[in-house]
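S.K.: Please read through the structure below; I'll follow up with questions.
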2 protein chains.
Amino acid sequence: MPLHAPEYADVAAAADRIRGHAHRTPVMRSRTVDAEFGAEVFFKCENLQRMGAFKFRGAFNALSKFDARQREAGVVAFSSGNHAQAVALSARLLGIPATIIMPQDAPQVKIDATRGYGGEVVLYDRYTEDREAIGRDLSQKYGLTLVPPYDHPDVIAGQGTAAKELFEDAGPMDALFVCLGGGGLLSGSALSARALSPGCQVYGVEPEAGNDGQQSFRSGQIVHIDTPKTIADGAQTQHLGQFTFPIIRREVADILTVSDPELIDAMNFYAARMKIVVEPTGCLSFAAARAMRAELAGKRVGVIVSGGNVDMRRFCELLLSKG
Amino acid sequence: MPLHAPEYADVAAAADRIRGHAHRTPVMRSRTVDAEFGAEVFFKCENLQRMGAFKFRGAFNALSKFDARQREAGVVAFSSGNHAQAVALSARLLGIPATIIMPQDAPQVKIDATRGYGGEVVLYDRYTEDREAIGRDLSQKYGLTLVPPYDHPDVIAGQGTAAKELFEDAGPMDALFVCLGGGGLLSGSALSARALSPGCQVYGVEPEAGNDGQQSFRSGQIVHIDTPKTIADGAQTQHLGQFTFPIIRREVADILTVSDPELIDAMNFYAARMKIVVEPTGCLSFAAARAMRAELAGKRVGVIVSGGNVDMRRFCELLLSKG
């Protein structure tokens, strides 16, 4: 069955599938932020999602749609980050065997976490081996179903449920800020915005060092870049996807970029003032909103806080680096 | 009018007074903690309270009860910590002038925060001057009403509203862990527990270095100690109060102590796994619950997370100190 471009109906169906498995995460407010912006700002806290990031939504939705044969054979995914843990945890909850392909130099804590969720970890050398080839190989040899990190209709639909909950719980927004790596969260959020808050301007936010999405958005075709150097490790993707790009192109108002120092400022603000831990990638949305706050005065502003999975040593080193 | 010992009815009245001013803070869960304990653990997140700590509840309740003369003359408080900010913010919200007596070597950030809330800050030299004498002086000279940090029925009643909300939102508990400095939060929590969850064992938790509460509880009279050396700066009080002690003695099951390294472990767990920032004093309750988790298996356990006001540099230095 060929895959079709996801629509809001798919987001709504995903919401039914993940109900009772994913957390309906809280929407936080900050009087300090509201005063600073002269606006009403609503933070959708996916750092408080299961396994610490929105990725659980998409992975669980995709795995829930497996048929009996797929469930028995198992799932394969490649990721060094949150997607790996999201697939491993979803697979365990659904009783599906999971194989996760991770670079052998991935942080031990992430390898351990993935194994802790019951995933079988296959390590590869990221300098001499191609993880996509390994994935295809395992997929063909053992009939495993590959669940990609962002460019899949079921993944996009699952990620869109976070923004859906935000609109349902906090009402329509004038603007919504969403981080952008491969575009799964952004395209899913845009589908929800279009359906539930039609006047809302949706902004994707990338690290300055890796603005392939911005280039693609403005040029009208998918631009590929080298792996960018940024502390936003969840947004180090090299290009948008065939499913995510058309939605972004059609539904998104603009793609913005922020610098690493702005991310650290936002991370510090979240911790010091809002008392929450947010990973660098999760700070993209708020950092961009802050930079354009003059234009947001008097508006209702949504900010998706995408995740909180950051090694505490790294977190502290980043905060202390700002003096 | 002589002050009377607070009862649960005072907590209930305080809840009415603070409604719409204090946040009804969320109750968080952690599957990891539940699995580790083999129990259901409920975290009442007062680190997400206004100005970052439960202290706002007691201060706002006390100031709300001022009569016209008191409101006009103003309030005075002495504190280097959360109580100062709680009084300053409550006073601003109620349109009452506030004078806060702070040591001149208090962190600039706390002095600034107190001024930011509109409080007039009077600095004193903690080595040569007596803050209580300064407070009494101002009180007599200008008719200011002194609101003490813990030993006052209105403060105790206000602090009790946090546990009240926990029982209302999460149901009765078998055990409740509460940090203990001067005993305002502990005695207020015990009043709520007695009324709303009569079978609940309430535990007060002190830093190991400053166990005056434990000594007092066991000896039956208030024991005074020198200011203890501990990272739990909110629990560096030297003695319980005349209002807090009798309630603690009557209603509390036991007073436990934890070490500074245990506090850092708990602080790290909160940040790394639950994605929340908790100040060292706020970690006392969970650290003690963890240490006796074997006895808590199968139970419903409440943990009051008292505050999140920690300088981020200090927070990071503490976390990194554990290697």
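How things are named: the first chain in the structure tokens is A, the next is B, and so on; residues count from 1 in each chain; ligands count from 1 in the order shown.
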What's the 12 Å shell around Arg273 (chain B), counting only C-alpha atoms, without same-chain residues fewer than 3 positions away, as JSON, numbers by chain?
M.R.: {"A": [47, 48, 49, 50, 51, 52, 53, 113, 276, 277, 278, 307, 308, 309, 310, 311, 312], "B": [29, 30, 31, 32, 33, 265, 266, 267, 268, 269, 270, 276, 277]}
S.K.: Assign secondary structure with DSSP using the backbone only, and return the residues of region 170-259 of chain B in alpha helix (DSSP H) as a VMD selection string.
M.R.: chain B and resid 170 184 to 196 212 to 219 244 to 251
S.K.: When you draw a straight line from CA of Arg293 (chain A) to CA of Glu36 (chain A), how long is it in Å?
M.R.: 8.2 Å
S.K.: Rank nothing, just name the residue among B:Ala84, B:Leu263, B:Cys45, B:Ala288 nearest to chain A, using only C-alpha atoms.
M.R.: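 When distances to chain A are compared using only C-alpha atoms, the smallest one comes from B:Cys45.
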S.K.: Please provide as a PyMOL selection string all residues within 8 Å of Phe177 (chain A), with the sequence filter that same-chain residues fewer than 4 positions apart are discarded (counting only C-alpha atoms).
M.R.: chain A and resi 202-205+285-286+288-289+301-304
S.K.: Near Arg115 (chain A), counting only C-alpha atoms, which residues have an atom at most 9 Å away, once you skip same-chain residues fewer than 5 positions from it, shown as a list in words?
M.R.: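 Near neighbours after the sequence-gap exclusion: Gln85, Ala88, Lys110, Glu120 and Val121 of chain A.
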S.K.: Keeping N, CA, C and O atoms, export the residues of the selection given above as a PDB file, in the first residue's frame.
M.R.:
ATOM      1  N   GLN A  85      15.196   5.695  21.537  1.00  0.00           N
ATOM      2  CA  GLN A  85      14.523   5.338  22.790  1.00  0.00           C
ATOM      3  C   GLN A  85      13.009   5.296  22.610  1.00  0.00           C
ATOM      4  O   GLN A  85      12.324   4.478  23.222  1.00  0.00           O
ATOM      5  N   ALA A  88      12.246   1.972  20.943  1.00  0.00           N
ATOM      6  CA  ALA A  88      12.477   0.864  21.875  1.00  0.00           C
ATOM      7  C   ALA A  88      11.362   0.784  22.916  1.00  0.00           C
ATOM      8  O   ALA A  88      10.828  -0.297  23.194  1.00  0.00           O
ATOM      9  N   LYS A 110      22.980   6.710  26.532  1.00  0.00           N
ATOM     10  CA  LYS A 110      21.885   6.532  25.575  1.00  0.00           C
ATOM     11  C   LYS A 110      21.782   5.080  25.136  1.00  0.00           C
ATOM     12  O   LYS A 110      20.683   4.548  24.938  1.00  0.00           O
ATOM     13  N   GLU A 120      17.204  -4.254  21.217  1.00  0.00           N
ATOM     14  CA  GLU A 120      18.494  -4.862  20.910  1.00  0.00           C
ATOM     15  C   GLU A 120      19.307  -3.832  20.151  1.00  0.00           C
ATOM     16  O   GLU A 120      18.866  -3.312  19.121  1.00  0.00           O
ATOM     17  N   VAL A 121      20.483  -3.519  20.650  1.00  0.00           N
ATOM     18  CA  VAL A 121      21.291  -2.458  20.055  1.00  0.00           C
ATOM     19  C   VAL A 121      22.351  -3.062  19.140  1.00  0.00           C
ATOM     20  O   VAL A 121      23.094  -3.961  19.536  1.00  0.00           O
TER      21      VAL A 121
END
S.K.: Could you give me, as a ChimeraX atom specification, the residues within 6 Å of Ala98 (chain B), counting only C-alpha atoms and dropping anything in the same chain fewer than 6 positions from it?
M.R.: /B:74-76,88,119
